[in-house]
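Colleague: Structure incoming, see below.
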Amino acid sequence: MFKATISNAKEFKKIVEAMSNVVDEISFEVDEKGLRASAVDPSHVALVSIDIPREAFEEYLADPHEIGVDLGVFKKIMKRAKSEEKLILELDEEKNRLNIILENNATRKFSLSLYDVSSSNVKVPDLNYPNEIVIKAGAFKEALKDAELVNDHVTLQTDGEGRFIVLSKGDVNQCETIFDESSEAVLDMRITEPVKSTFSLSYLEDITKAVSSDDILHIHLGSDIPVKIEFNIADGKILFLLAPRIES
Amino acid sequence: MFKATISNAKEFKKIVEAMSNVVDEISFEVDEKGLRASAVDPSHVALVSIDIPREAFEEYLADPHEIGVDLGVFKKIMKRAKSEEKLILELDEEKNRLNIILENNATRKFSLSLYDVSSSNVKVPDLNYPNEIVIKAGAFKEALKDAELVNDHVTLQTDGEGRFIVLSKGDVNQCETIFDESSEAVLDMRITEPVKSTFSLSYLEDITKAVSSDDILHIHLGSDIPVKIEFNIADGKILFLLAPRIES
Amino acid sequence: MFKATISNAKEFKKIVEAMSNVVDEISFEVDEKGLRASAVDPSHVALVSIDIPREAFEEYLADPHEIGVDLGVFKKIMKRAKSEEKLILELDEEKNRLNIILENNATRKFSLSLYDVSSSNVKVPDLNYPNEIVIKAGAFKEALKDAELVNDHVTLQTDGEGRFIVLSKGDVNQCETIFDESSEAVLDMRITEPVKSTFSLSYLEDITKAVSSDDILHIHLGSDIPVKIEFNIADGKILFLLAPRIES
């Protein structure tokens with residue numbers, strides 16, 4: 001069996017949205033420890049991984065199961081959730097469905113057919129990063145929007161003066177946002193090495209789309225390795241890896 | 001002559017919008033008792049009827065007239081009305097026009113050419129309903145939006161336990177919203193018989209589009225007869241009938 | 001050199017937007033007195049002219065320069081400005097670029113390539129107007145939106161009773177908004193002659209698009225001459241001339 005209750009449906013909505021911006025379907029792995037999932041996008045550029053311990057749930061009962069769902073439909077359902085609404089996820093093994101119940105004044109029950117999702121549950125590679133920037137998501141997203149004005153990719157770099165720079169160069173125009181330790185949006189910075197990697201803007205925007213302005217991102221940046229972006233949500237953790245573009 | 005003044009233009013805007021979501025043109029019947037109109041949509045699935053007594057108007061003077069107008073244009077004009085604005089409707093018999101005057105800081109005067117609308121002023125059939133649900137429009141509209149996620153039609157049903165259920169079944173997924181007497185959105189319920197009828201979602205959404213979340217709907221539901229949805233507006237009454245789909 | 005600082009980036013945003021709604025590129029003329037620009041739209045129907053004295057800037061240093069820019073890109077950059085943000089404009093003569101720096105928590109620096117803009121810096125003709133209406137921009141824009149419901153051009157007229165009328169006639173419907181000295185939106189009126197000129201609605205809407213509802217417009221209206229619309233912004237002045245349509 002699997003039945004899990006979350007007191008704030010909006011938080012789980014964020015998790016579903018964050019995953020759905022990277023992959024179309026996913027297999028949730030549930031057991032007594034909690035709910036986990038990870039997947040790589042079709043072009044093998046981005047990886048998303050979530051880990052929500054049972055403590056994050058108001059009620060939680062689970063035998064080991066793989067629950068494969070269409071994230072597009074799941075996202076549409078979660079978009080219908082209102083704040084203050086309670087969410088119940090319940091596996092109907094007989095009908096091979098996941099029931100998604102939203103409780104508020106009325107009870108709303110959605111039933112989602114399950115899929116066999118083979119591409120899921122990849123292992124997250126263990127990488128070492130020389131730099132970590134802890135920054136408010138809002139400020140980072142604004143820097144990406146600025147960059148979008150001049151090109152479709154963006155360079156994330158750290159320099160010898162301990163600054164974190166979001167840089168975009170177009171054919172004629174360019175744009176850069178500079179963060180240092182004194183920036184209000186920066187909560188912490190550990191910069192030990194100047195590095196520079198270029199990423200697809202649309203992927204970075206997909207990854208951060210579900211994140212609220214007040215959420216705190218941990219950006220781990222190295223040279224020629226994927227950037228790792230982590231944030232906490234509903235007592236759980238969500239992690240993205242994004243491979244750098246090969247610059248010509 | 002015909003001249004009628006409404007102190008709150010926004011209320012009449014709602015009436016015009018509600019009608020325009022069902023039919024393209026309508027003939028208002030005015031006389032000393034008030035303003036009435038009714039019409040059936042081109043596919044004969046939905047009927048709309050309004051009845052606004054003279055007491056609903058701040059000032060009212062009317063000889064018997066049929067005033068046929070293009071509801072699409074009328075709606076666009078009424079959309080320009082602001083709250084706190086006074087609305088004056090005035091028949092210009094000589095020019096065969098309806099003057100729509102909005103008074104606020106400036107005076108804005110629109111003139112609408114009149115049409116011969118033959119399809120209007122149908123009689124509203126007198127039906128008996130075993131069930132009536134009095135519900136906040138907002139909650140009912142939310143249930144329709146949920147249903148829209150899985151199919152383009154929706155089943156409205158009452159069951160033996162005195163519940164009112166909005167149910168939608170797709171090929172793989174399904175969705176249901178359950179209201180009972182304890183639901184906050186339900187003001188009153190008179191359920192004497194379990195019934196079940198299926199309706200086109202787009203018609204139900206058109207019918208309820210002009211309704212505010214706080215408006216109170218009276219939903220009259222039977223078996224194999226049109227659902228009747230009524231609400232009060234500006235001391236007047238607006239009524240919709242929607243024929244059920246023949247289920248295959 | 002040229003370096004100018006404005007404490008409120010939003011005000012300069014309005015100026016750039018107002019110009020960009022009329023022309024695609026412009027050449028700013030800067031010198032010790034301040035920043036000026038003027039241009040005529042490609043179809044020679046509308047003229048825009050701005051004049052911002054050095055006193056409007058927090059800091060200002062300028063040798064005489066012509067700074068030609070793509071207003072479409074400039075507008076997109078200025079749209080990224082937030083309230084409370086400081087704007088620094090800085091000419092990079094070596095790289096032939098205009099740096100647009102937004103300072104807030106983070107520093108954001110955009111670099112805009114310069115163009116040779118030959119069509120700019122036209123002279124504003126000196127015309128005499130018998131009528132001037134000083135009116136809140138919001139009310140005038142609302143009157144234009146009303147007019148849009150019935151046609152794509154609008155007649156601005158004054159009558160013998162000292163009223164200012166925005167009139168639009170369609171094939172079947174018509175609309176007029178009447179302002180007189182008692183209208184709340186009217187701050188001042190100097191009407192010495194009944195006049196009547198017809199203008200393209202889309203041009204008038206472009207001209208007033210960047211204007212806030214609370215801004216005060218000075219509308220100068222004559223017969224068979226362009227209407228002149230002026231307003232103040234950031235201690236500077238922006239002026240539009242719009243040629244009348246030849247009525248058939």
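By convention here, the chains of the structure tokens are called A, B, ... in the order presented, each chain's residues are numbered starting at 1, and ligands are numbered starting at 1 in the order presented.
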Give me, as a list in words, all polymer residues having an atom no more than 12 Å from Ile246 in chain C, counting only C-alpha atoms and skipping those fewer than 5 positions away in the same chain.
Modeller: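 Returned residues: Val45, His153, Thr155, Lys196, Ser197, Thr198, Phe199, Ser200, Ser223, Asp224, Ile225 and Pro226 of chain C.
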Colleague: Using only C-alpha atoms and a distance of at most 7 Å, pull out the residues of chain B that contact chain A, as a compact mmCIF listing (two decimals) with all heavy atoms, in the first residue's frame.
Modeller:
```
# COMPACT_ATOMS: atom_id res chain seq x y z
N ASP B 146 -11.95 21.69 -12.73
CA ASP B 146 -11.32 20.40 -12.44
C ASP B 146 -11.73 19.38 -13.50
O ASP B 146 -10.90 18.67 -14.06
CB ASP B 146 -11.78 19.88 -11.07
CG ASP B 146 -11.12 20.62 -9.92
OD1 ASP B 146 -10.17 21.38 -10.17
OD2 ASP B 146 -11.55 20.43 -8.78
N VAL B 172 -8.35 7.66 -19.58
CA VAL B 172 -7.48 7.05 -18.58
C VAL B 172 -7.64 7.66 -17.18
O VAL B 172 -7.47 6.98 -16.18
CB VAL B 172 -5.99 7.15 -18.99
CG1 VAL B 172 -5.71 6.21 -20.15
CG2 VAL B 172 -5.61 8.56 -19.37
N ASN B 173 -7.97 8.94 -17.13
CA ASN B 173 -8.03 9.60 -15.83
C ASN B 173 -9.47 9.98 -15.50
O ASN B 173 -10.32 10.02 -16.37
CB ASN B 173 -7.16 10.85 -15.84
CG ASN B 173 -5.75 10.54 -16.31
OD1 ASN B 173 -5.16 9.55 -15.88
ND2 ASN B 173 -5.22 11.35 -17.20
N GLN B 174 -9.74 10.26 -14.24
CA GLN B 174 -11.06 10.77 -13.91
C GLN B 174 -10.98 11.74 -12.74
O GLN B 174 -9.96 11.86 -12.08
CB GLN B 174 -12.04 9.64 -13.62
CG GLN B 174 -11.87 8.96 -12.28
CD GLN B 174 -13.06 8.05 -11.99
OE1 GLN B 174 -13.42 7.20 -12.81
NE2 GLN B 174 -13.69 8.22 -10.83
N CYS B 175 -12.06 12.46 -12.53
CA CYS B 175 -12.07 13.51 -11.52
C CYS B 175 -13.47 13.66 -10.96
O CYS B 175 -14.44 13.66 -11.72
CB CYS B 175 -11.61 14.82 -12.17
SG CYS B 175 -12.14 16.29 -11.31
N GLU B 176 -13.60 13.77 -9.63
CA GLU B 176 -14.91 14.06 -9.08
C GLU B 176 -14.82 15.03 -7.91
O GLU B 176 -13.88 14.99 -7.13
CB GLU B 176 -15.64 12.77 -8.66
CG GLU B 176 -14.96 11.96 -7.60
CD GLU B 176 -15.76 10.70 -7.21
OE1 GLU B 176 -16.84 10.45 -7.77
OE2 GLU B 176 -15.29 9.98 -6.32
N THR B 177 -15.79 15.93 -7.84
CA THR B 177 -15.90 16.83 -6.69
C THR B 177 -17.20 16.50 -5.99
O THR B 177 -18.25 16.40 -6.64
CB THR B 177 -15.91 18.30 -7.14
OG1 THR B 177 -14.74 18.55 -7.91
CG2 THR B 177 -15.93 19.24 -5.94
N ILE B 178 -17.11 16.30 -4.69
CA ILE B 178 -18.28 15.87 -3.92
C ILE B 178 -18.71 16.99 -2.97
O ILE B 178 -17.90 17.48 -2.18
CB ILE B 178 -17.95 14.59 -3.11
CG1 ILE B 178 -17.60 13.46 -4.08
CG2 ILE B 178 -19.11 14.20 -2.21
CD1 ILE B 178 -16.90 12.29 -3.41
N PHE B 179 -19.94 17.42 -3.09
CA PHE B 179 -20.50 18.40 -2.15
C PHE B 179 -21.56 17.72 -1.30
O PHE B 179 -22.39 16.97 -1.82
CB PHE B 179 -21.17 19.55 -2.91
CG PHE B 179 -20.24 20.36 -3.76
CD1 PHE B 179 -20.15 20.15 -5.12
CD2 PHE B 179 -19.45 21.35 -3.19
CE1 PHE B 179 -19.31 20.90 -5.92
CE2 PHE B 179 -18.59 22.11 -3.98
CZ PHE B 179 -18.52 21.89 -5.34
N SER B 183 -20.55 20.97 3.29
CA SER B 183 -19.60 21.74 2.50
C SER B 183 -19.85 23.23 2.69
O SER B 183 -20.99 23.69 2.66
CB SER B 183 -19.74 21.41 1.01
OG SER B 183 -19.57 20.03 0.78
N GLU B 184 -18.77 23.96 2.88
CA GLU B 184 -18.89 25.40 3.15
C GLU B 184 -19.59 26.12 2.00
O GLU B 184 -20.30 27.10 2.20
CB GLU B 184 -17.49 25.97 3.34
CG GLU B 184 -17.43 27.16 4.27
CD GLU B 184 -16.07 27.81 4.21
OE1 GLU B 184 -15.11 27.27 4.78
OE2 GLU B 184 -15.98 28.87 3.57
N ALA B 185 -19.37 25.64 0.78
CA ALA B 185 -19.91 26.32 -0.39
C ALA B 185 -21.41 26.09 -0.57
O ALA B 185 -22.06 26.79 -1.33
CB ALA B 185 -19.17 25.87 -1.65
```
Colleague: Could you pull out all residues of range 14-180 of chain B with a DSSP call of strand (DSSP E or B) and give them as number ranges by chain?
Modeller: B: 25-31, 34-40, 46-53, 59-62, 65-70, 86-92, 97-103, 107-113, 115, 120, 131-136, 153-158, 164-169, 174-179
Colleague: Please report the interatomic distance between CA of Ser7 in chain A and CA of Glu55 in chain A in Å with one decimal.
Modeller: 12.1 Å
Colleague: Running DSSP on the backbone, which parts of range 16-161 of chain C land in alpha helix (DSSP H), as a ChimeraX atom specification?
Modeller: /C:16-20,71-79,137-148
Colleague: Kindly export the residues of the current selection with C-alpha atoms, as a PDB file, in the first residue's frame.
Modeller:
```pdb
ATOM      1  CA  VAL C  16      12.355  55.372 -23.863  1.00  0.00           C
ATOM      2  CA  GLU C  17       8.980  53.661 -24.194  1.00  0.00           C
ATOM      3  CA  ALA C  18       7.239  56.823 -25.353  1.00  0.00           C
ATOM      4  CA  MET C  19       9.826  57.306 -28.107  1.00  0.00           C
ATOM      5  CA  SER C  20       9.906  53.633 -29.075  1.00  0.00           C
ATOM      6  CA  LEU C  71      14.961  51.864 -29.329  1.00  0.00           C
ATOM      7  CA  GLY C  72      13.456  48.354 -29.470  1.00  0.00           C
ATOM      8  CA  VAL C  73      16.437  46.869 -27.637  1.00  0.00           C
ATOM      9  CA  PHE C  74      16.738  49.890 -25.344  1.00  0.00           C
ATOM     10  CA  LYS C  75      13.087  49.501 -24.372  1.00  0.00           C
ATOM     11  CA  LYS C  76      13.528  45.797 -23.582  1.00  0.00           C
ATOM     12  CA  ILE C  77      16.454  46.646 -21.320  1.00  0.00           C
ATOM     13  CA  MET C  78      14.565  49.451 -19.580  1.00  0.00           C
ATOM     14  CA  LYS C  79      11.635  47.088 -19.022  1.00  0.00           C
ATOM     15  CA  ALA C 137      -3.972  61.089 -19.187  1.00  0.00           C
ATOM     16  CA  GLY C 138      -6.138  58.294 -17.765  1.00  0.00           C
ATOM     17  CA  ALA C 139      -9.407  59.941 -18.783  1.00  0.00           C
ATOM     18  CA  PHE C 140      -8.140  60.731 -22.284  1.00  0.00           C
ATOM     19  CA  LYS C 141      -6.892  57.173 -22.775  1.00  0.00           C
ATOM     20  CA  GLU C 142     -10.253  55.790 -21.632  1.00  0.00           C
ATOM     21  CA  ALA C 143     -12.008  57.980 -24.198  1.00  0.00           C
ATOM     22  CA  LEU C 144      -9.705  56.576 -26.899  1.00  0.00           C
ATOM     23  CA  LYS C 145     -10.501  53.022 -25.814  1.00  0.00           C
ATOM     24  CA  ASP C 146     -14.212  53.779 -26.019  1.00  0.00           C
ATOM     25  CA  ALA C 147     -13.742  55.196 -29.511  1.00  0.00           C
ATOM     26  CA  GLU C 148     -11.864  52.081 -30.570  1.00  0.00           C
TER      27      GLU C 148
END
```
Colleague: Work out how far apart CA of His220 in chain A and CA of Ala37 in chain A are and give it in Å to one decimal.
Modeller: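 Value for the CA of His220 in chain A-CA of Ala37 in chain A distance: 20.9 Å.
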Colleague: Can you tell me which residues surround range 59-61 of chain B at a distance of at most 9 Å, considering only C-alpha atoms, apart from same-chain residues fewer than 6 positions away, and format the answer as an MDAnalysis selection string?
Modeller: chainID B and resid 1:6 31:32 34
Colleague: Leu239 in chain A: which residues within 8 Å, counting only C-alpha atoms, same-chain residues fewer than 6 positions away excluded, as a PyMOL selection string?
Modeller: chain A and resi 48-50+228-231
Colleague: Output all heavy atoms for every residue in that selection, as a PDB file, in the first residue's frame.
Modeller:
```
ATOM      1  N   VAL A  48      17.091  15.674 -12.919  1.00  0.00           N
ATOM      2  CA  VAL A  48      16.360  16.157 -11.750  1.00  0.00           C
ATOM      3  C   VAL A  48      16.238  15.014 -10.754  1.00  0.00           C
ATOM      4  O   VAL A  48      16.069  13.857 -11.145  1.00  0.00           O
ATOM      5  CB  VAL A  48      14.961  16.701 -12.135  1.00  0.00           C
ATOM      6  CG1 VAL A  48      14.112  15.649 -12.819  1.00  0.00           C
ATOM      7  CG2 VAL A  48      14.235  17.239 -10.902  1.00  0.00           C
ATOM      8  N   SER A  49      16.357  15.349  -9.487  1.00  0.00           N
ATOM      9  CA  SER A  49      16.260  14.322  -8.454  1.00  0.00           C
ATOM     10  C   SER A  49      15.567  14.906  -7.238  1.00  0.00           C
ATOM     11  O   SER A  49      15.876  16.014  -6.803  1.00  0.00           O
ATOM     12  CB  SER A  49      17.675  13.850  -8.087  1.00  0.00           C
ATOM     13  OG  SER A  49      17.652  13.130  -6.876  1.00  0.00           O
ATOM     14  N   ILE A  50      14.589  14.168  -6.701  1.00  0.00           N
ATOM     15  CA  ILE A  50      13.936  14.642  -5.478  1.00  0.00           C
ATOM     16  C   ILE A  50      14.027  13.565  -4.406  1.00  0.00           C
ATOM     17  O   ILE A  50      14.116  12.378  -4.696  1.00  0.00           O
ATOM     18  CB  ILE A  50      12.445  15.011  -5.693  1.00  0.00           C
ATOM     19  CG1 ILE A  50      11.644  13.762  -6.116  1.00  0.00           C
ATOM     20  CG2 ILE A  50      12.280  16.108  -6.706  1.00  0.00           C
ATOM     21  CD1 ILE A  50      10.170  13.892  -5.821  1.00  0.00           C
ATOM     22  N   LYS A 228      25.421  22.228 -10.428  1.00  0.00           N
ATOM     23  CA  LYS A 228      24.437  21.577  -9.556  1.00  0.00           C
ATOM     24  C   LYS A 228      23.647  22.655  -8.829  1.00  0.00           C
ATOM     25  O   LYS A 228      24.230  23.533  -8.195  1.00  0.00           O
ATOM     26  CB  LYS A 228      25.138  20.660  -8.543  1.00  0.00           C
ATOM     27  CG  LYS A 228      24.180  19.949  -7.593  1.00  0.00           C
ATOM     28  CD  LYS A 228      24.824  18.788  -6.855  1.00  0.00           C
ATOM     29  CE  LYS A 228      25.585  19.260  -5.634  1.00  0.00           C
ATOM     30  NZ  LYS A 228      26.120  18.137  -4.827  1.00  0.00           N
ATOM     31  N   ILE A 229      22.331  22.600  -8.954  1.00  0.00           N
ATOM     32  CA  ILE A 229      21.470  23.582  -8.289  1.00  0.00           C
ATOM     33  C   ILE A 229      20.521  22.829  -7.366  1.00  0.00           C
ATOM     34  O   ILE A 229      19.768  21.969  -7.805  1.00  0.00           O
ATOM     35  CB  ILE A 229      20.675  24.407  -9.328  1.00  0.00           C
ATOM     36  CG1 ILE A 229      21.644  25.159 -10.246  1.00  0.00           C
ATOM     37  CG2 ILE A 229      19.720  25.374  -8.639  1.00  0.00           C
ATOM     38  CD1 ILE A 229      20.977  25.983 -11.331  1.00  0.00           C
ATOM     39  N   GLU A 230      20.589  23.158  -6.086  1.00  0.00           N
ATOM     40  CA  GLU A 230      19.776  22.456  -5.090  1.00  0.00           C
ATOM     41  C   GLU A 230      18.880  23.424  -4.349  1.00  0.00           C
ATOM     42  O   GLU A 230      19.263  24.562  -4.109  1.00  0.00           O
ATOM     43  CB  GLU A 230      20.691  21.820  -4.028  1.00  0.00           C
ATOM     44  CG  GLU A 230      21.359  20.543  -4.422  1.00  0.00           C
ATOM     45  CD  GLU A 230      22.283  20.082  -3.290  1.00  0.00           C
ATOM     46  OE1 GLU A 230      23.090  20.905  -2.803  1.00  0.00           O
ATOM     47  OE2 GLU A 230      22.179  18.906  -2.909  1.00  0.00           O
ATOM     48  N   PHE A 231      17.695  22.977  -3.972  1.00  0.00           N
ATOM     49  CA  PHE A 231      16.954  23.738  -2.969  1.00  0.00           C
ATOM     50  C   PHE A 231      16.045  22.825  -2.168  1.00  0.00           C
ATOM     51  O   PHE A 231      15.713  21.723  -2.585  1.00  0.00           O
ATOM     52  CB  PHE A 231      16.199  24.922  -3.576  1.00  0.00           C
ATOM     53  CG  PHE A 231      15.090  24.570  -4.512  1.00  0.00           C
ATOM     54  CD1 PHE A 231      13.771  24.595  -4.082  1.00  0.00           C
ATOM     55  CD2 PHE A 231      15.346  24.241  -5.826  1.00  0.00           C
ATOM     56  CE1 PHE A 231      12.732  24.300  -4.950  1.00  0.00           C
ATOM     57  CE2 PHE A 231      14.316  23.937  -6.702  1.00  0.00           C
ATOM     58  CZ  PHE A 231      13.008  23.958  -6.258  1.00  0.00           C
TER      59      PHE A 231
END
```
